[in-house]
$ cat target01.txt   # compact mmCIF, C-alpha atoms
# COMPACT_ATOMS: atom_id res chain seq x y z
CA MET T 1 -7.59 -76.92 37.48
CA ALA T 2 -11.18 -76.40 38.62
CA TYR T 3 -12.45 -73.71 40.95
CA ASN T 4 -15.77 -73.91 42.68
CA PHE T 5 -17.56 -70.66 43.36
CA ARG T 6 -21.15 -70.27 44.46
CA LEU T 7 -23.65 -69.50 41.75
CA PHE T 8 -24.75 -65.92 41.39
CA PRO T 9 -28.33 -64.68 41.81
CA LEU T 10 -30.10 -63.82 38.64
CA CYS T 11 -30.87 -60.28 39.73
CA PHE T 12 -27.85 -59.40 37.59
CA LEU T 13 -30.50 -59.51 34.88
CA LEU T 14 -32.04 -56.37 36.35
CA PHE T 15 -29.49 -54.21 34.63
CA LEU T 16 -29.14 -56.33 31.50
CA LEU T 17 -32.81 -56.43 30.57
CA LEU T 18 -33.31 -52.69 31.14
CA VAL T 19 -30.50 -51.53 28.88
CA ASN T 20 -31.79 -50.01 25.65
CA ASN T 21 -28.80 -47.89 24.70
CA SER T 22 -25.27 -47.12 25.80
CA ILE T 23 -26.28 -44.54 28.42
CA ILE T 24 -28.42 -45.40 31.41
CA CYS T 25 -29.28 -43.56 34.57
CA GLN T 26 -29.19 -45.25 37.93
CA GLU T 27 -30.94 -43.66 40.90
CA GLU T 28 -28.38 -43.00 43.59
CA GLY T 29 -29.57 -41.12 46.63
CA SER T 30 -31.00 -37.80 45.52
CA GLY T 31 -29.12 -37.79 42.19
CA THR T 32 -28.52 -39.99 39.19
CA ARG T 33 -25.58 -41.93 37.84
CA SER T 34 -24.99 -41.48 34.12
CA THR T 35 -23.03 -44.37 32.67
CA LEU T 36 -21.35 -44.56 29.27
CA VAL T 37 -21.71 -48.36 29.05
CA PRO T 38 -23.99 -50.90 30.74
CA ALA T 39 -21.15 -52.72 32.53
CA MET T 40 -17.46 -53.56 32.62
CA PHE T 41 -16.14 -57.11 32.87
CA ILE T 42 -12.52 -57.37 34.03
CA PHE T 43 -9.94 -60.12 33.45
CA GLY T 44 -6.34 -60.00 34.54
CA ASP T 45 -3.73 -60.42 37.25
CA SER T 46 -2.61 -58.72 40.46
CA LEU T 47 -2.46 -55.30 38.82
CA ILE T 48 -6.27 -55.32 38.80
CA ASP T 49 -7.30 -58.17 41.16
CA ASN T 50 -9.56 -56.73 43.87
CA GLY T 51 -10.12 -59.73 46.11
CA ASN T 52 -10.56 -62.91 44.10
CA ASN T 53 -7.48 -64.50 45.70
CA ASN T 54 -8.53 -63.71 49.27
CA ASN T 55 -10.07 -67.10 49.96
CA LEU T 56 -7.81 -69.19 47.75
CA ALA T 57 -4.99 -71.34 49.10
CA SER T 58 -2.58 -68.86 47.56
CA LEU T 59 0.61 -67.03 48.47
CA ALA T 60 -0.49 -64.17 46.21
CA LYS T 61 -2.72 -62.14 48.51
CA ALA T 62 -3.05 -58.50 49.51
CA ASN T 63 -5.93 -58.57 51.98
CA TYR T 64 -3.84 -57.26 54.86
CA PHE T 65 -2.58 -53.90 56.05
CA PRO T 66 -0.82 -51.79 54.76
CA TYR T 67 -2.40 -52.75 51.43
CA GLY T 68 -5.45 -50.54 51.13
CA ILE T 69 -4.07 -47.97 53.56
CA ASP T 70 -5.50 -45.20 51.37
CA PHE T 71 -8.59 -47.10 50.23
CA ASN T 72 -11.95 -46.28 51.80
CA GLY T 73 -12.62 -49.42 53.84
CA GLY T 74 -9.02 -50.58 54.14
CA PRO T 75 -7.48 -53.76 52.67
CA THR T 76 -9.67 -55.53 50.10
CA GLY T 77 -7.26 -57.70 48.15
CA ARG T 78 -6.11 -54.88 45.86
CA PHE T 79 -2.33 -54.90 45.36
CA SER T 80 -2.08 -51.17 45.94
CA ASN T 81 -2.26 -48.56 48.66
CA GLY T 82 -5.56 -47.47 47.12
CA LEU T 83 -7.35 -47.60 43.78
CA THR T 84 -6.29 -49.75 40.84
CA MET T 85 -6.37 -48.57 37.24
CA VAL T 86 -9.66 -50.36 36.51
CA ASP T 87 -11.23 -48.66 39.54
CA VAL T 88 -10.33 -45.30 38.01
CA ILE T 89 -11.65 -46.31 34.58
CA ALA T 90 -14.91 -47.59 36.09
CA GLU T 91 -15.50 -44.25 37.81
CA LEU T 92 -14.74 -42.32 34.61
CA LEU T 93 -17.28 -44.49 32.78
CA GLY T 94 -19.83 -43.54 35.42
CA LEU T 95 -19.83 -47.02 36.94
CA PRO T 96 -19.40 -47.90 40.61
CA LEU T 97 -16.36 -49.94 41.65
CA ILE T 98 -16.72 -53.37 40.07
CA PRO T 99 -16.96 -56.21 42.65
CA PRO T 100 -14.77 -59.34 42.58
CA TYR T 101 -16.33 -62.55 41.25
CA SER T 102 -15.69 -64.36 44.54
CA GLN T 103 -17.73 -61.86 46.56
CA ALA T 104 -20.29 -60.33 44.20
CA SER T 105 -23.97 -60.99 44.73
CA GLY T 106 -27.30 -59.41 44.04
CA ASP T 107 -27.41 -55.72 43.23
CA GLN T 108 -23.61 -55.44 43.44
CA MET T 109 -23.34 -57.25 40.11
CA ARG T 110 -25.48 -54.85 38.10
CA PHE T 111 -22.53 -53.03 36.53
CA GLY T 112 -20.17 -55.94 35.92
CA ILE T 113 -17.78 -58.34 37.62
CA ASN T 114 -14.02 -58.46 38.15
CA TYR T 115 -12.59 -61.93 37.45
CA ALA T 116 -8.89 -60.99 37.79
CA SER T 117 -6.57 -63.09 39.94
CA ALA T 118 -3.08 -62.39 41.26
CA ALA T 119 -0.36 -64.63 39.77
CA ALA T 120 -2.62 -65.53 36.82
CA GLY T 121 -1.26 -65.74 33.31
CA ILE T 122 -2.18 -66.41 29.74
CA LEU T 123 -0.66 -69.86 30.20
CA ASP T 124 -2.36 -72.11 32.74
CA ASN T 125 0.90 -73.13 34.43
CA THR T 126 2.07 -69.56 34.99
CA GLY T 127 2.24 -68.55 38.66
CA ARG T 128 2.29 -72.06 40.10
CA ASN T 129 4.93 -70.94 42.65
CA PHE T 130 2.08 -69.09 44.37
CA VAL T 131 -0.09 -72.25 44.40
CA GLY T 132 -3.70 -71.03 44.08
CA ARG T 133 -4.60 -68.58 41.31
CA ILE T 134 -7.21 -68.35 38.55
CA PRO T 135 -5.61 -68.47 35.08
CA PHE T 136 -7.13 -66.48 32.22
CA ASN T 137 -8.77 -69.58 30.74
CA GLN T 138 -10.58 -70.24 34.01
CA GLN T 139 -11.55 -66.57 34.35
CA ILE T 140 -13.28 -66.84 30.98
CA THR T 141 -15.01 -70.03 32.13
CA ASN T 142 -16.24 -68.19 35.21
CA PHE T 143 -17.69 -65.44 33.01
CA GLU T 144 -19.27 -68.08 30.77
CA SER T 145 -20.89 -69.72 33.79
CA THR T 146 -22.42 -66.42 34.87
CA LEU T 147 -23.63 -65.71 31.35
CA ASN T 148 -25.12 -69.17 30.86
CA GLN T 149 -27.23 -68.84 34.00
CA ILE T 150 -28.78 -65.66 32.69
CA ARG T 151 -29.31 -66.93 29.16
CA ASN T 152 -30.78 -70.26 30.23
CA ASN T 153 -33.32 -68.68 32.53
CA ASN T 154 -34.25 -65.54 30.67
CA GLY T 155 -33.42 -65.84 26.97
CA ALA T 156 -30.50 -64.46 25.04
CA ALA T 157 -31.53 -61.46 22.96
CA ASP T 158 -31.54 -58.64 25.53
CA VAL T 159 -28.55 -60.13 27.33
CA GLU T 160 -26.48 -60.26 24.16
CA GLU T 161 -27.32 -56.65 23.31
CA ALA T 162 -26.18 -55.41 26.72
CA VAL T 163 -23.03 -57.54 26.73
CA ALA T 164 -22.09 -56.24 23.27
CA LYS T 165 -22.30 -52.66 24.58
CA SER T 166 -20.24 -53.42 27.70
CA ILE T 167 -16.50 -52.95 28.13
CA PHE T 168 -14.29 -56.04 28.47
CA PHE T 169 -11.03 -55.04 30.13
CA VAL T 170 -8.20 -57.57 29.79
CA GLY T 171 -4.74 -57.10 31.27
CA MET T 172 -2.61 -60.24 30.93
CA GLY T 173 0.98 -61.23 30.18
CA SER T 174 3.16 -59.83 32.95
CA ASN T 175 3.13 -63.01 35.03
CA ASP T 176 3.94 -65.13 32.00
CA TYR T 177 7.34 -63.47 32.20
CA LEU T 178 7.85 -62.62 35.88
CA ASN T 179 6.34 -65.83 37.25
CA ASN T 180 7.14 -68.24 34.45
CA TYR T 181 9.88 -67.43 31.92
CA LEU T 182 12.14 -65.64 34.42
CA MET T 183 11.65 -68.17 37.22
CA PRO T 184 14.60 -70.58 37.75
CA ASN T 185 12.32 -73.56 38.47
CA TYR T 186 10.57 -73.22 35.09
CA ASN T 187 12.12 -74.79 32.00
CA THR T 188 10.42 -72.28 29.69
CA LYS T 189 13.54 -70.25 28.86
CA ASN T 190 15.28 -73.45 27.74
CA GLN T 191 12.39 -74.33 25.45
CA TYR T 192 11.79 -70.95 23.78
CA ASN T 193 13.77 -67.89 22.81
CA ALA T 194 12.16 -64.47 23.28
CA GLN T 195 10.42 -64.39 19.91
CA GLU T 196 9.21 -68.00 20.13
CA TYR T 197 7.77 -67.42 23.59
CA ALA T 198 6.04 -64.23 22.47
CA THR T 199 4.51 -66.17 19.58
CA LEU T 200 3.30 -68.90 21.94
CA LEU T 201 1.71 -66.36 24.28
CA THR T 202 0.11 -64.39 21.46
CA GLN T 203 -1.39 -67.48 19.84
CA GLN T 204 -2.98 -68.48 23.14
CA TYR T 205 -4.07 -64.89 23.83
CA ASN T 206 -5.69 -64.70 20.40
CA GLN T 207 -7.72 -67.84 21.14
CA GLN T 208 -8.79 -66.51 24.52
CA LEU T 209 -9.95 -63.14 23.21
CA THR T 210 -11.77 -64.90 20.38
CA ARG T 211 -13.49 -67.05 22.97
CA LEU T 212 -14.71 -63.92 24.76
CA TYR T 213 -15.87 -62.55 21.41
CA ASN T 214 -17.84 -65.74 20.78
CA LEU T 215 -19.49 -65.25 24.18
CA GLY T 216 -20.74 -61.85 23.02
CA ALA T 217 -17.95 -59.40 23.87
CA ARG T 218 -17.39 -56.68 21.27
CA LYS T 219 -15.67 -53.74 23.02
CA PHE T 220 -12.23 -54.75 24.30
CA VAL T 221 -9.78 -52.68 26.34
CA ILE T 222 -6.41 -54.44 26.35
CA GLY T 223 -3.77 -53.38 28.86
CA GLY T 224 -0.26 -53.91 27.53
CA VAL T 225 2.71 -55.07 29.59
CA GLY T 226 4.89 -52.39 31.13
CA LEU T 227 8.63 -51.83 31.47
CA MET T 228 9.13 -54.85 33.69
CA GLY T 229 12.87 -54.36 33.71
CA CYS T 230 12.32 -51.21 35.78
CA ILE T 231 10.20 -52.56 38.66
CA PRO T 232 11.80 -52.78 42.14
CA SER T 233 11.87 -56.59 42.08
CA ILE T 234 14.08 -56.56 38.97
CA LEU T 235 16.04 -53.45 40.02
CA ALA T 236 16.96 -55.25 43.25
CA GLN T 237 18.82 -57.85 41.18
CA SER T 238 20.86 -55.21 39.35
CA GLN T 239 24.45 -54.47 40.31
CA ASN T 240 24.24 -50.80 39.31
CA GLY T 241 20.58 -50.11 40.17
CA ALA T 242 19.65 -49.50 36.55
CA CYS T 243 16.67 -50.90 34.68
CA SER T 244 17.33 -54.31 33.16
CA GLU T 245 17.45 -53.74 29.41
CA GLU T 246 17.64 -57.51 29.02
CA VAL T 247 14.20 -57.95 30.64
CA ASN T 248 12.71 -55.02 28.73
CA GLN T 249 13.97 -56.48 25.44
CA LEU T 250 12.70 -59.94 26.41
CA VAL T 251 9.15 -58.62 26.69
CA LEU T 252 9.28 -56.36 23.62
CA PRO T 253 8.30 -59.06 21.06
CA PHE T 254 5.12 -59.80 23.02
CA HIS T 255 4.31 -56.08 23.18
CA ASN T 256 4.67 -55.84 19.40
CA ASN T 257 2.77 -59.08 18.74
CA VAL T 258 -0.26 -58.02 20.76
CA ARG T 259 -0.75 -54.85 18.75
CA SER T 260 -0.62 -56.84 15.51
CA MET T 261 -2.95 -59.47 16.94
CA LEU T 262 -5.56 -56.86 17.85
CA THR T 263 -5.42 -55.31 14.40
CA ASN T 264 -6.01 -58.75 12.86
CA LEU T 265 -8.91 -59.50 15.20
CA ASN T 266 -10.42 -56.13 14.33
CA THR T 267 -10.19 -57.04 10.64
CA ASN T 268 -11.42 -60.62 10.90
CA LEU T 269 -14.13 -60.50 13.58
CA PRO T 270 -17.23 -58.46 12.64
CA GLY T 271 -18.01 -55.82 15.26
CA PHE T 272 -14.74 -56.34 17.18
CA LYS T 273 -13.54 -52.97 18.54
CA PHE T 274 -10.60 -52.30 20.81
CA SER T 275 -8.53 -49.81 22.75
CA TYR T 276 -4.95 -50.88 23.39
CA ILE T 277 -3.35 -49.22 26.41
CA ASP T 278 0.37 -48.83 25.77
CA ILE T 279 1.54 -49.26 29.36
CA ARG T 280 5.12 -49.59 28.18
CA ASN T 281 5.07 -46.13 26.61
CA MET T 282 3.21 -44.66 29.60
CA PHE T 283 5.89 -45.97 31.98
CA GLN T 284 8.72 -44.76 29.79
CA ASP T 285 7.21 -41.27 29.75
CA LEU T 286 6.61 -41.40 33.50
CA LEU T 287 10.18 -42.45 34.30
CA THR T 288 11.63 -39.85 31.94
CA ASN T 289 9.43 -37.01 33.20
CA SER T 290 8.80 -38.15 36.76
CA ARG T 291 9.42 -34.73 38.34
CA GLN T 292 6.94 -33.06 36.02
CA TYR T 293 4.31 -35.56 37.12
CA GLY T 294 5.10 -34.94 40.80
CA PHE T 295 7.05 -38.12 41.57
CA SER T 296 10.38 -37.96 43.39
CA GLU T 297 10.92 -41.71 44.00
CA VAL T 298 11.20 -43.71 40.79
CA ASN T 299 13.05 -46.90 41.75
CA LEU T 300 11.98 -47.73 45.31
CA GLY T 301 8.95 -49.57 46.55
CA CYS T 302 6.97 -47.60 49.11
CA CYS T 303 6.54 -50.84 51.08
CA GLY T 304 9.03 -53.66 50.92
CA VAL T 305 12.33 -55.04 52.22
CA GLY T 306 15.89 -55.06 50.90
CA ARG T 307 17.53 -53.34 47.97
CA ASN T 308 15.07 -50.99 46.23
CA ARG T 309 12.54 -52.37 48.76
CA GLY T 310 12.01 -55.01 46.14
CA GLN T 311 13.76 -58.14 47.41
CA ILE T 312 10.81 -58.98 49.67
CA THR T 313 7.46 -57.42 48.90
CA CYS T 314 5.22 -55.59 51.37
CA LEU T 315 4.83 -57.60 54.59
CA PRO T 316 1.79 -57.67 56.89
CA PHE T 317 1.63 -54.57 59.11
CA GLN T 318 4.88 -53.18 57.73
CA THR T 319 5.07 -49.40 57.95
CA PRO T 320 5.04 -47.98 54.41
CA CYS T 321 6.46 -44.66 53.25
CA SER T 322 4.49 -41.62 54.36
CA ASN T 323 4.77 -39.63 51.11
CA ARG T 324 3.06 -42.26 48.96
CA GLU T 325 1.86 -39.77 46.35
CA GLN T 326 5.51 -39.18 45.38
CA TYR T 327 6.30 -42.86 44.77
CA ILE T 328 5.83 -44.59 41.42
CA PHE T 329 5.94 -48.07 42.97
CA TRP T 330 3.88 -49.24 45.92
CA ASP T 331 5.67 -52.57 46.42
CA ALA T 332 8.12 -54.81 44.55
CA PHE T 333 5.79 -55.25 41.57
CA HIS T 334 2.85 -52.82 41.60
CA PRO T 335 2.35 -49.08 41.08
CA THR T 336 0.90 -46.72 43.67
CA GLU T 337 -2.62 -45.36 43.55
CA ALA T 338 -1.18 -42.08 42.22
CA VAL T 339 0.19 -43.87 39.15
CA ASN T 340 -3.00 -45.89 38.71
CA ILE T 341 -5.01 -42.65 38.67
CA LEU T 342 -2.61 -41.08 36.15
CA PHE T 343 -2.64 -44.11 33.85
CA GLY T 344 -6.39 -44.66 34.20
CA ARG T 345 -7.11 -41.09 33.13
CA LYS T 346 -4.69 -41.31 30.21
CA ALA T 347 -6.29 -44.58 29.06
CA PHE T 348 -9.71 -42.99 29.28
CA ASN T 349 -9.13 -39.81 27.30
CA GLY T 350 -5.51 -39.87 26.12
CA GLY T 351 -4.11 -39.66 22.61
CA PRO T 352 -2.91 -42.43 20.27
CA ASP T 353 0.60 -42.29 21.74
CA VAL T 354 -0.74 -44.01 24.87
CA VAL T 355 -4.04 -45.61 23.83
CA TYR T 356 -4.64 -46.88 20.30
CA PRO T 357 -6.57 -46.58 17.94
CA VAL T 358 -9.21 -44.91 20.14
CA ASN T 359 -9.28 -44.14 23.85
CA ILE T 360 -11.76 -45.76 26.23
CA GLN T 361 -14.10 -42.77 26.22
CA GLN T 362 -14.31 -42.99 22.42
CA LEU T 363 -14.67 -46.79 22.48
CA ALA T 364 -17.63 -46.49 24.84
CA THR T 365 -19.52 -44.35 22.35
CA LEU T 366 -18.92 -46.59 19.31
$ encode --input "target01.txt" --output "structure tokens"
Amino acid sequence: MAYNFRLFPLCFLLFLLLVNNSIICQEEGSGTRSTLVPAMFIFGDSLIDNGNNNNLASLAKANYFPYGIDFNGGPTGRFSNGLTMVDVIAELLGLPLIPPYSQASGDQMRFGINYASAAAGILDNTGRNFVGRIPFNQQITNFESTLNQIRNNNGAADVEEAVAKSIFFVGMGSNDYLNNYLMPNYNTKNQYNAQEYATLLTQQYNQQLTRLYNLGARKFVIGGVGLMGCIPSILAQSQNGACSEEVNQLVLPFHNNVRSMLTNLNTNLPGFKFSYIDIRNMFQDLLTNSRQYGFSEVNLGCCGVGRNRGQITCLPFQTPCSNREQYIFWDAFHPTEAVNILFGRKAFNGGPDVVYPVNIQQLATL
């Protein structure tokens, strides 16, 4: 599947050619912006998409109210009431919010690009029920296109140095279960058991991350899959309202495989460094200790229809809950800004129980 996007101006080179170390200062009004890395390049799905699906012929869109109700500027295509986790991480790195590939131009691109797309998966056929989406393979191709323009016109050495110092955030895998394996119109579950499917996904994922490495990426932040059996969409299918242990166990082999895969890549690819965000463990801790974190609603979407507000996701101009900071889930599938802020901060400076083997702050300084 091919996607045609307009070519990007080469002023992206402005930041790349001026980077001499891992900390730069950008004039911003009367002050300066101190950044820990030159840029962040983002690949993933609706958890971190910030507008790439807006102009696609896709059913997976969030560019309407009440999405963005708490975001400065309103709806953007983020599947949240406000910030996503990568927005929080960008700010902690000293970067501005990273623009989507479909909209970025000129000076906006100086600190990276977000290639993520709602409904996208590791497998190209994942998410086809939503029609238009940009699978991970195509997201990498889009990054390669951007990179080739710069290299062809300006030489490779300085570009490669800056790219090697940048953060590559990848969060994939959720849709390969929710919008592939668990979908009744897919034959996947009849072809593979849980371990076989996890192996298939991990093999493809390994190839994709290696492809990014071959394009110059060295510092990877990998977001793991969460407790998908506990999201409102799955809870709505439960007879007793409890998390689906069947779904959580289905995804567990992939969770385990990814950690092993990253360790092997770290061993076999010179200069490969990573931070693995254990979203599964973060969510388990959050659900267990929700009150301590300030959350009173753990199994309802703030915006949605039906049981657990998860049978139909947030509709255009639907009135969401008013106490959004107390909800873990924004809609049938996605966390609220409050959770994104919590998880983003933990990923940035948390311990090895939630981000392994180093946190993002430590990775940035390596």
$ closest_residue --input "target01.txt" --among "T:Gly224, T:Ser296, T:Pro270, T:Leu59" --to "Val131 in chain T" --atoms "only C-alpha atoms"
T:Leu59
$ closest_residue --input "target01.txt" --among "T:Gln311, T:Thr35, T:Ser117, T:Gln103" --to "Ile48 in chain T" --atoms "all atoms listed in the file"
T:Ser117
$ residues_around --input "target01.txt" --residues "Ala116 in chain T" --least-positions-apart "6" --cutoff "7 Å" --atoms "only C-alpha atoms" --output "CSV table (one decimal) with C-alpha atoms, in the frame of the given file"
chain,number,residue,atom,x,y,z
T,42,ILE,CA,-12.5,-57.4,34.0
T,43,PHE,CA,-9.9,-60.1,33.4
T,44,GLY,CA,-6.3,-60.0,34.5
T,45,ASP,CA,-3.7,-60.4,37.2
T,48,ILE,CA,-6.3,-55.3,38.8
T,49,ASP,CA,-7.3,-58.2,41.2
T,52,ASN,CA,-10.6,-62.9,44.1
$ atom_distance --input "target01.txt" --atom1 "CA of Cys302 in chain T" --atom2 "CA of Ile69 in chain T"
11.9 Å
$ closest_residue --input "target01.txt" --among "T:Gln204, T:Gln191, T:Thr319, T:Ser80" --to "Ala338 in chain T" --atoms "all atoms listed in the file"
T:Ser80
$ residues_around --input "target01.txt" --residues "Thr210 in chain T" --least-positions-apart "5" --cutoff "9 Å" --atoms "only C-alpha atoms" --output "ChimeraX atom specification"
/T:205,215,217,265,269
